[in-house]
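Written below as structure tokens is the structure these notes are about.
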Amino acid sequence: MSDTTETSLVLLVVEDEENDQLLARHYLRRMASDVEVLCAFDGLEAIELLRDRTGRMPDMILLDINMPRMNGHDFLEAWFVEQGAEVPIVVMLTSSDQHEDKRRALEYANVVDYFLKPITKETVTRLGQILDVGEEDSTPTRRRA
Amino acid sequence: MTSTEREPRFLNPKRMIALRCTVALALVASSMLLSYAMLRHNLFASVDSAYIINISGMQRMLSQRTGLMAREVVGSRTPAEAKLYAGKLEDALERMRTNHAELLEETGAPYMSEPVQALYDDGLTTAMDDFIVRSDAFLDAYREAGHEAPRTRALMLSLVAVARNGLLDRLDEVVRAYQRDAEEGVASYLRLETLCLLIGLALLVLVGLTIFRPMARSIDRHSRSLEVANEELREFSYRISHDLRAPIASSLGLVAMAEDTLSDGDTRGASEVIARIGASMGKLDGLIEEVIDVTRNKHVDQPSEPVDIDTLLTETLAKLANLPGFETIRIQKDVQLESTVTTKRLFLQQILDNLLSNAVKYADPDASDRRIEIHASRRDGQCELTISDNGIGVPESAREEIFGMFKRFHPRISFGSGLGLYLVRQNAIALGGDIDYRPLEQGSSFSLNFPEAA
């Protein structure tokens, strides 16, 4: 996927740092002309947003790990319990380079990649590639019960 | 919510364990030594008693043998036969004489019991002397007049009568007396050993209750304290690696974004991004400062000094005056302290900095009457400082861990590092006090209690 792709995208950024939300918006909006970027400040807010949403569900969630109230790991667990396998693709975007964080996140089948902050143009290119793959294989499964 | 549980303070654990073990081992060793001393005493007494019983038994047997040999001498059919028996009588008499001399030497020994001593004093010695004299007289008569002489026969009858009626009973009595002594000794030894066993068991229980149980508890406390410290350290290291990197990563991203914005010709946008980079760096600086405070306070003790709480509050509030919204908050200060308070100024100052800046930062933006109430008082050497506000408060789900490390409770208001209240609690403990959190219907209330330093 490139900046010229016309595919309509809905992306959710779950991130407590305002600057990182701003950066994500800045780069993600360049992915497509009509991309919609939703933002939540933590896992709880993301769940509420997803639960209350009546429109098209996000094609991808960019998820931070360290957040107040509900962190990224707890969000994944909670959202799986609530939604079963019907969950969008998740990409982790975090400052944590801890092996344990990476291992825990990648236990979920719909968590397809793990990026370290900051988000860059290269990250966005990779996200575009992932979304293409996601559209071909649109039935996410869960490795962890 | 409270943080009243104090961190355990230990007086040199190594010395404490060594001292308690030494006392415990000394008590057990005393019990063993007492038991050994009693065993040794009783064994030696038994050996002495056995010797006396043996000699007395032998005398009894020899007295009967002497009488029997005398009878055989007189009843012999030939002089040769009489001579043979007389020889045996002489041997028995000689042995008897030696034994008697030994018994006389032993008489009066400390281990000889009173009844046995009484038997010797009450004629046994005389009777034995008399028997030996009669035996000698019999042998003399035999040698002089032969075995068939009437005098020899008369002396034999007299000797047999004395051996049977006088000496035998007395020697039997000595053996029985020793037997009673031995039985009493064994019974007494058993009683003492039982007493020793009970004392030993009581000592073990006492040692267990007063030494090993407190020691086990102390070790358990140490162990739990170390586990908590390790967990804190692990959490600290994990979070610090994240929280130090996060603003740097964010700033790097913002730098790239500023370049994009500039290349688009949007200088105003670029300027806003640069301002964000500045704020991010400021946040990083604040975090580093708090980390330094936390680590320094853990390792450096502060001297106590007289502190004017009212002045300290005024200075703290002055520092906060440039925080956004400060001027919209009504601050009520009620300091009921006539004199200075002796305490660790730096720790108290950091507590006030954190509590008051939180009260300002987390003021309710929708409230028309924003206020912070400060109350300070002293009673019986205990100072109480309460800071209440009508701000946005702490979510109920987060109240349990309000004093935890790196805890932030408001996702949209990202002021702090999450170390502030952790530092407040650590400092309250360092002051020998505690900090309580109480949610209000609207807002929060924190009460710091600490004793005045001597």
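We name chains A, B, ... following the order of the structure tokens; residues begin at 1 in each chain, and ligands are numbered from 1 as shown.
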Residues near segment 19-23 of chain A, cut-off 8 Å, only C-alpha atoms, skip fewer than 6 positions along chain, as a list in words: Val13, Cys39, Pro118 and Ile119 of chain A; Ser250, Gly253, Leu254, Met257 and Arg276 of chain B
Residue hits in chain A, query chain B, radius 9 Å, only C-alpha atoms, as a PyMOL selection string: chain A and resi 16-20+22-23+26-27+41-42+45+66-69+94-98+116-120
Could you please take those selected residues and save N, CA and C atoms as a PDB file, in the first residue's frame?
```pdb
ATOM      1  N   ASP A  16      -1.497   6.638  25.227  1.00  0.00           N
ATOM      2  CA  ASP A  16      -1.787   7.629  26.265  1.00  0.00           C
ATOM      3  C   ASP A  16      -1.006   8.928  26.078  1.00  0.00           C
ATOM      4  N   GLU A  17       0.051   8.879  25.283  1.00  0.00           N
ATOM      5  CA  GLU A  17       0.854  10.093  25.092  1.00  0.00           C
ATOM      6  C   GLU A  17       0.286  10.910  23.935  1.00  0.00           C
ATOM      7  N   GLU A  18      -0.045  12.155  24.236  1.00  0.00           N
ATOM      8  CA  GLU A  18      -0.660  13.013  23.227  1.00  0.00           C
ATOM      9  C   GLU A  18       0.268  13.208  22.025  1.00  0.00           C
ATOM     10  N   ASN A  19       1.568  13.363  22.295  1.00  0.00           N
ATOM     11  CA  ASN A  19       2.519  13.569  21.197  1.00  0.00           C
ATOM     12  C   ASN A  19       2.544  12.360  20.269  1.00  0.00           C
ATOM     13  N   ASP A  20       2.504  11.172  20.869  1.00  0.00           N
ATOM     14  CA  ASP A  20       2.550   9.959  20.047  1.00  0.00           C
ATOM     15  C   ASP A  20       1.261   9.776  19.256  1.00  0.00           C
ATOM     16  N   LEU A  22      -0.440  12.286  18.132  1.00  0.00           N
ATOM     17  CA  LEU A  22      -0.304  13.281  17.060  1.00  0.00           C
ATOM     18  C   LEU A  22       0.566  12.735  15.922  1.00  0.00           C
ATOM     19  N   LEU A  23       1.682  12.112  16.333  1.00  0.00           N
ATOM     20  CA  LEU A  23       2.589  11.528  15.335  1.00  0.00           C
ATOM     21  C   LEU A  23       1.887  10.443  14.526  1.00  0.00           C
ATOM     22  N   HIS A  26      -0.452  11.922  12.134  1.00  0.00           N
ATOM     23  CA  HIS A  26       0.308  12.568  11.061  1.00  0.00           C
ATOM     24  C   HIS A  26       0.709  11.556   9.982  1.00  0.00           C
ATOM     25  N   TYR A  27       1.252  10.422  10.415  1.00  0.00           N
ATOM     26  CA  TYR A  27       1.737   9.442   9.437  1.00  0.00           C
ATOM     27  C   TYR A  27       0.609   8.587   8.859  1.00  0.00           C
ATOM     28  N   PHE A  41      -7.144   6.915  24.737  1.00  0.00           N
ATOM     29  CA  PHE A  41      -6.003   7.205  25.606  1.00  0.00           C
ATOM     30  C   PHE A  41      -5.542   6.010  26.443  1.00  0.00           C
ATOM     31  N   ASP A  42      -6.372   4.972  26.523  1.00  0.00           N
ATOM     32  CA  ASP A  42      -5.928   3.745  27.197  1.00  0.00           C
ATOM     33  C   ASP A  42      -6.840   2.589  26.808  1.00  0.00           C
ATOM     34  N   GLU A  45     -10.635   3.031  27.479  1.00  0.00           N
ATOM     35  CA  GLU A  45     -11.279   3.957  26.561  1.00  0.00           C
ATOM     36  C   GLU A  45     -11.437   3.300  25.181  1.00  0.00           C
ATOM     37  N   ASN A  66       2.309   0.365  27.761  1.00  0.00           N
ATOM     38  CA  ASN A  66       2.258   1.035  29.060  1.00  0.00           C
ATOM     39  C   ASN A  66       1.301   2.222  29.034  1.00  0.00           C
ATOM     40  N   MET A  67       0.144   1.999  29.622  1.00  0.00           N
ATOM     41  CA  MET A  67      -0.879   3.057  29.678  1.00  0.00           C
ATOM     42  C   MET A  67      -1.556   2.990  31.038  1.00  0.00           C
ATOM     43  N   PRO A  68      -2.076   4.107  31.525  1.00  0.00           N
ATOM     44  CA  PRO A  68      -2.781   4.058  32.806  1.00  0.00           C
ATOM     45  C   PRO A  68      -4.089   3.285  32.684  1.00  0.00           C
ATOM     46  N   ARG A  69      -4.640   2.918  33.805  1.00  0.00           N
ATOM     47  CA  ARG A  69      -5.929   2.220  33.943  1.00  0.00           C
ATOM     48  C   ARG A  69      -5.916   0.835  33.302  1.00  0.00           C
ATOM     49  N   THR A  94       5.128   0.613  20.717  1.00  0.00           N
ATOM     50  CA  THR A  94       5.437   0.859  22.132  1.00  0.00           C
ATOM     51  C   THR A  94       6.885   1.285  22.318  1.00  0.00           C
ATOM     52  N   SER A  95       7.165   1.807  23.499  1.00  0.00           N
ATOM     53  CA  SER A  95       8.561   2.147  23.831  1.00  0.00           C
ATOM     54  C   SER A  95       9.272   0.976  24.495  1.00  0.00           C
ATOM     55  N   SER A  96       8.502  -0.053  24.814  1.00  0.00           N
ATOM     56  CA  SER A  96       9.100  -1.164  25.566  1.00  0.00           C
ATOM     57  C   SER A  96       9.814  -2.137  24.628  1.00  0.00           C
ATOM     58  N   ASP A  97      11.111  -2.319  24.869  1.00  0.00           N
ATOM     59  CA  ASP A  97      11.849  -3.306  24.079  1.00  0.00           C
ATOM     60  C   ASP A  97      12.056  -4.589  24.892  1.00  0.00           C
ATOM     61  N   GLN A  98      11.237  -4.749  25.941  1.00  0.00           N
ATOM     62  CA  GLN A  98      11.374  -5.932  26.804  1.00  0.00           C
ATOM     63  C   GLN A  98      10.890  -7.184  26.065  1.00  0.00           C
ATOM     64  N   LEU A 116       8.867  -0.562  17.673  1.00  0.00           N
ATOM     65  CA  LEU A 116       9.300   0.362  18.732  1.00  0.00           C
ATOM     66  C   LEU A 116       9.032   1.787  18.274  1.00  0.00           C
ATOM     67  N   LYS A 117       8.639   2.622  19.211  1.00  0.00           N
ATOM     68  CA  LYS A 117       8.410   4.032  18.900  1.00  0.00           C
ATOM     69  C   LYS A 117       9.748   4.692  18.564  1.00  0.00           C
ATOM     70  N   PRO A 118       9.809   5.766  17.840  1.00  0.00           N
ATOM     71  CA  PRO A 118       8.650   6.489  17.309  1.00  0.00           C
ATOM     72  C   PRO A 118       8.171   5.885  15.977  1.00  0.00           C
ATOM     73  N   ILE A 119       6.946   6.197  15.655  1.00  0.00           N
ATOM     74  CA  ILE A 119       6.418   5.783  14.357  1.00  0.00           C
ATOM     75  C   ILE A 119       7.155   6.575  13.274  1.00  0.00           C
ATOM     76  N   THR A 120       7.518   5.895  12.188  1.00  0.00           N
ATOM     77  CA  THR A 120       8.263   6.555  11.098  1.00  0.00           C
ATOM     78  C   THR A 120       7.587   6.231   9.767  1.00  0.00           C
TER      79      THR A 120
END
```
Selection near Ser447 of chain B, 8 Å with only C-alpha atoms, sequence-local residues under 5 positions removed, as a PyMOL selection string: chain B and resi 384-387+435-437
Within 12 Å of segment 126-129 of chain A, which residues of segment 49-100 of chain A show up? Give each one with its shortest atom-to-atom distance in Å (one decimal) and the two atoms involved, counting only C-alpha atoms, rows by chain then rising residue number, as JSON lines.
```
{"residue": "A:Asp59", "atom": "CA", "partner": "A:Leu127", "partner_atom": "CA", "distance": 11.0}
{"residue": "A:Met60", "atom": "CA", "partner": "A:Leu127", "partner_atom": "CA", "distance": 9.0}
{"residue": "A:Ile61", "atom": "CA", "partner": "A:Leu127", "partner_atom": "CA", "distance": 10.6}
{"residue": "A:Leu62", "atom": "CA", "partner": "A:Leu127", "partner_atom": "CA", "distance": 9.6}
{"residue": "A:Ile89", "atom": "CA", "partner": "A:Leu127", "partner_atom": "CA", "distance": 10.5}
{"residue": "A:Val90", "atom": "CA", "partner": "A:Leu127", "partner_atom": "CA", "distance": 10.3}
{"residue": "A:Val91", "atom": "CA", "partner": "A:Leu127", "partner_atom": "CA", "distance": 8.2}
{"residue": "A:Met92", "atom": "CA", "partner": "A:Leu127", "partner_atom": "CA", "distance": 10.9}
{"residue": "A:Leu93", "atom": "CA", "partner": "A:Leu127", "partner_atom": "CA", "distance": 11.0}
```
Would you save the residues from that selection as an mmCIF file, in the first residue's frame, using N, CA and C atoms?
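The resulting file, selection16.cif, is shown below:
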```
data_model
loop_
_atom_site.group_PDB
_atom_site.id
_atom_site.type_symbol
_atom_site.label_atom_id
_atom_site.label_comp_id
_atom_site.auth_asym_id
_atom_site.auth_seq_id
_atom_site.Cartn_x
_atom_site.Cartn_y
_atom_site.Cartn_z
ATOM 1 N N ASP A 59 -9.855 -1.357 10.807
ATOM 2 C CA ASP A 59 -9.127 -2.400 10.077
ATOM 3 C C ASP A 59 -7.887 -2.822 10.859
ATOM 4 N N MET A 60 -7.408 -1.903 11.654
ATOM 5 C CA MET A 60 -6.187 -2.206 12.410
ATOM 6 C C MET A 60 -6.157 -1.366 13.694
ATOM 7 N N ILE A 61 -5.598 -1.975 14.718
ATOM 8 C CA ILE A 61 -5.413 -1.213 15.969
ATOM 9 C C ILE A 61 -3.911 -1.068 16.201
ATOM 10 N N LEU A 62 -3.465 0.156 16.436
ATOM 11 C CA LEU A 62 -2.075 0.395 16.847
ATOM 12 C C LEU A 62 -2.103 0.536 18.367
ATOM 13 N N ILE A 89 -6.975 -6.716 13.242
ATOM 14 C CA ILE A 89 -5.517 -6.891 13.300
ATOM 15 C C ILE A 89 -4.951 -5.863 14.281
ATOM 16 N N VAL A 90 -3.990 -6.315 15.054
ATOM 17 C CA VAL A 90 -3.362 -5.404 16.021
ATOM 18 C C VAL A 90 -1.872 -5.325 15.736
ATOM 19 N N VAL A 91 -1.360 -4.114 15.781
ATOM 20 C CA VAL A 91 0.090 -3.903 15.680
ATOM 21 C C VAL A 91 0.505 -3.169 16.952
ATOM 22 N N MET A 92 1.516 -3.711 17.606
ATOM 23 C CA MET A 92 1.972 -3.058 18.827
ATOM 24 C C MET A 92 2.921 -1.917 18.443
ATOM 25 N N LEU A 93 2.734 -0.778 19.076
ATOM 26 C CA LEU A 93 3.619 0.374 18.857
ATOM 27 C C LEU A 93 3.941 0.928 20.241
#
```
Exercise: segment 131-145 of chain B partners within 7 Å, only C-alpha atoms, chain neighbours under 3 positions left out, as a list in words: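 Listing them by chain and then by number gives Ala127, Met128, Ala149, Arg151, Thr152, Leu155, Met156, Leu159 and Val162 of chain B.
A straight line drawn from atom CA of Val81 of chain A to atom CA of Thr54 of chain A is 20.0 Å long.
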Show me, as a tab-separated table (two decimals) with N, CA and C atoms, in the first residue's frame, the residues that have an atom within 10 Å of segment 342-348 of chain B when counting only C-alpha atoms, minus same-chain residues fewer than 5 positions from it.
```tsv
chain	number	residue	atom	x	y	z
B	293	ASP	N	15.49	11.80	43.02
B	293	ASP	CA	14.94	11.98	44.38
B	293	ASP	C	14.68	10.63	45.03
B	297	ASN	N	16.85	9.46	48.15
B	297	ASN	CA	16.19	9.35	49.45
B	297	ASN	C	16.30	7.97	50.05
B	301	ASP	N	20.46	9.53	54.38
B	301	ASP	CA	19.63	9.98	55.49
B	301	ASP	C	19.80	11.49	55.62
B	302	GLN	N	18.72	12.14	55.97
B	302	GLN	CA	18.76	13.59	56.09
B	302	GLN	C	18.81	13.97	57.56
B	303	PRO	N	19.52	15.05	57.88
B	303	PRO	CA	19.54	15.48	59.28
B	303	PRO	C	18.21	16.17	59.64
B	304	SER	N	17.82	16.07	60.90
B	304	SER	CA	16.61	16.76	61.35
B	304	SER	C	16.97	18.19	61.72
B	305	GLU	N	16.05	19.09	61.45
B	305	GLU	CA	16.31	20.49	61.76
B	305	GLU	C	14.97	21.18	62.04
B	306	PRO	N	14.97	22.32	62.70
B	306	PRO	CA	13.70	23.01	62.95
B	306	PRO	C	13.14	23.55	61.64
B	307	VAL	N	11.86	23.25	61.39
B	307	VAL	CA	11.23	23.68	60.13
B	307	VAL	C	9.97	24.48	60.48
B	308	ASP	N	9.88	25.64	59.88
B	308	ASP	CA	8.67	26.44	60.04
B	308	ASP	C	7.68	26.01	58.95
B	309	ILE	N	6.68	25.26	59.34
B	309	ILE	CA	5.76	24.65	58.37
B	309	ILE	C	5.03	25.72	57.55
B	312	LEU	N	7.34	27.03	54.98
B	312	LEU	CA	7.59	25.99	53.97
B	312	LEU	C	6.41	25.89	53.01
B	353	ASP	N	5.62	19.39	48.00
B	353	ASP	CA	5.73	19.69	46.56
B	353	ASP	C	4.79	18.78	45.77
B	423	LEU	N	7.00	8.50	46.01
B	423	LEU	CA	8.01	9.27	46.74
B	423	LEU	C	7.42	9.81	48.04
B	424	VAL	N	6.16	10.27	47.97
B	424	VAL	CA	5.50	10.80	49.17
B	424	VAL	C	5.45	9.73	50.26
B	426	GLN	N	7.36	6.98	50.54
B	426	GLN	CA	8.71	6.66	51.00
B	426	GLN	C	9.20	7.72	51.99
B	427	ASN	N	8.93	8.97	51.67
B	427	ASN	CA	9.38	10.06	52.55
B	427	ASN	C	8.62	10.05	53.87
B	428	ALA	N	7.31	9.73	53.82
B	428	ALA	CA	6.53	9.66	55.07
B	428	ALA	C	7.12	8.59	55.98
B	429	ILE	N	7.49	7.46	55.41
B	429	ILE	CA	8.12	6.38	56.19
B	429	ILE	C	9.46	6.85	56.75
B	430	ALA	N	10.22	7.55	55.90
B	430	ALA	CA	11.53	8.05	56.35
B	430	ALA	C	11.39	9.05	57.49
B	431	LEU	N	10.26	9.72	57.57
B	431	LEU	CA	10.02	10.65	58.69
B	431	LEU	C	9.51	9.90	59.92
B	432	GLY	N	9.34	8.60	59.79
B	432	GLY	CA	8.82	7.80	60.91
B	432	GLY	C	7.31	7.89	61.00
B	448	LEU	N	-0.85	13.50	56.29
B	448	LEU	CA	0.50	13.05	56.67
B	448	LEU	C	0.62	13.16	58.18
B	450	PHE	N	3.36	12.47	61.28
B	450	PHE	CA	4.76	12.10	61.57
B	450	PHE	C	5.14	12.64	62.95
B	451	PRO	N	6.01	11.90	63.64
B	451	PRO	CA	6.44	12.37	64.96
B	451	PRO	C	7.53	13.41	64.81
B	452	GLU	N	7.54	14.31	65.78
B	452	GLU	CA	8.61	15.31	65.77
B	452	GLU	C	9.91	14.63	66.20
B	453	ALA	N	10.99	14.89	65.49
B	453	ALA	CA	12.27	14.26	65.82
B	453	ALA	C	12.75	14.79	67.17
B	454	ALA	N	13.44	13.91	67.90
B	454	ALA	CA	13.91	14.31	69.24
B	454	ALA	C	15.03	15.33	69.10
```
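Of the listed residues B:Val160, B:Ile53, B:Asp169, B:Leu124, the one whose atoms come nearest to Val74 of chain B is B:Val160, with distances taken using only C-alpha atoms.
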Selection: 9 Å around Ser357 of chain B, only C-alpha atoms, excl. self and same-chain fewer than 5 positions, as a ChimeraX atom specification: /B:316-317,320,323,352,362
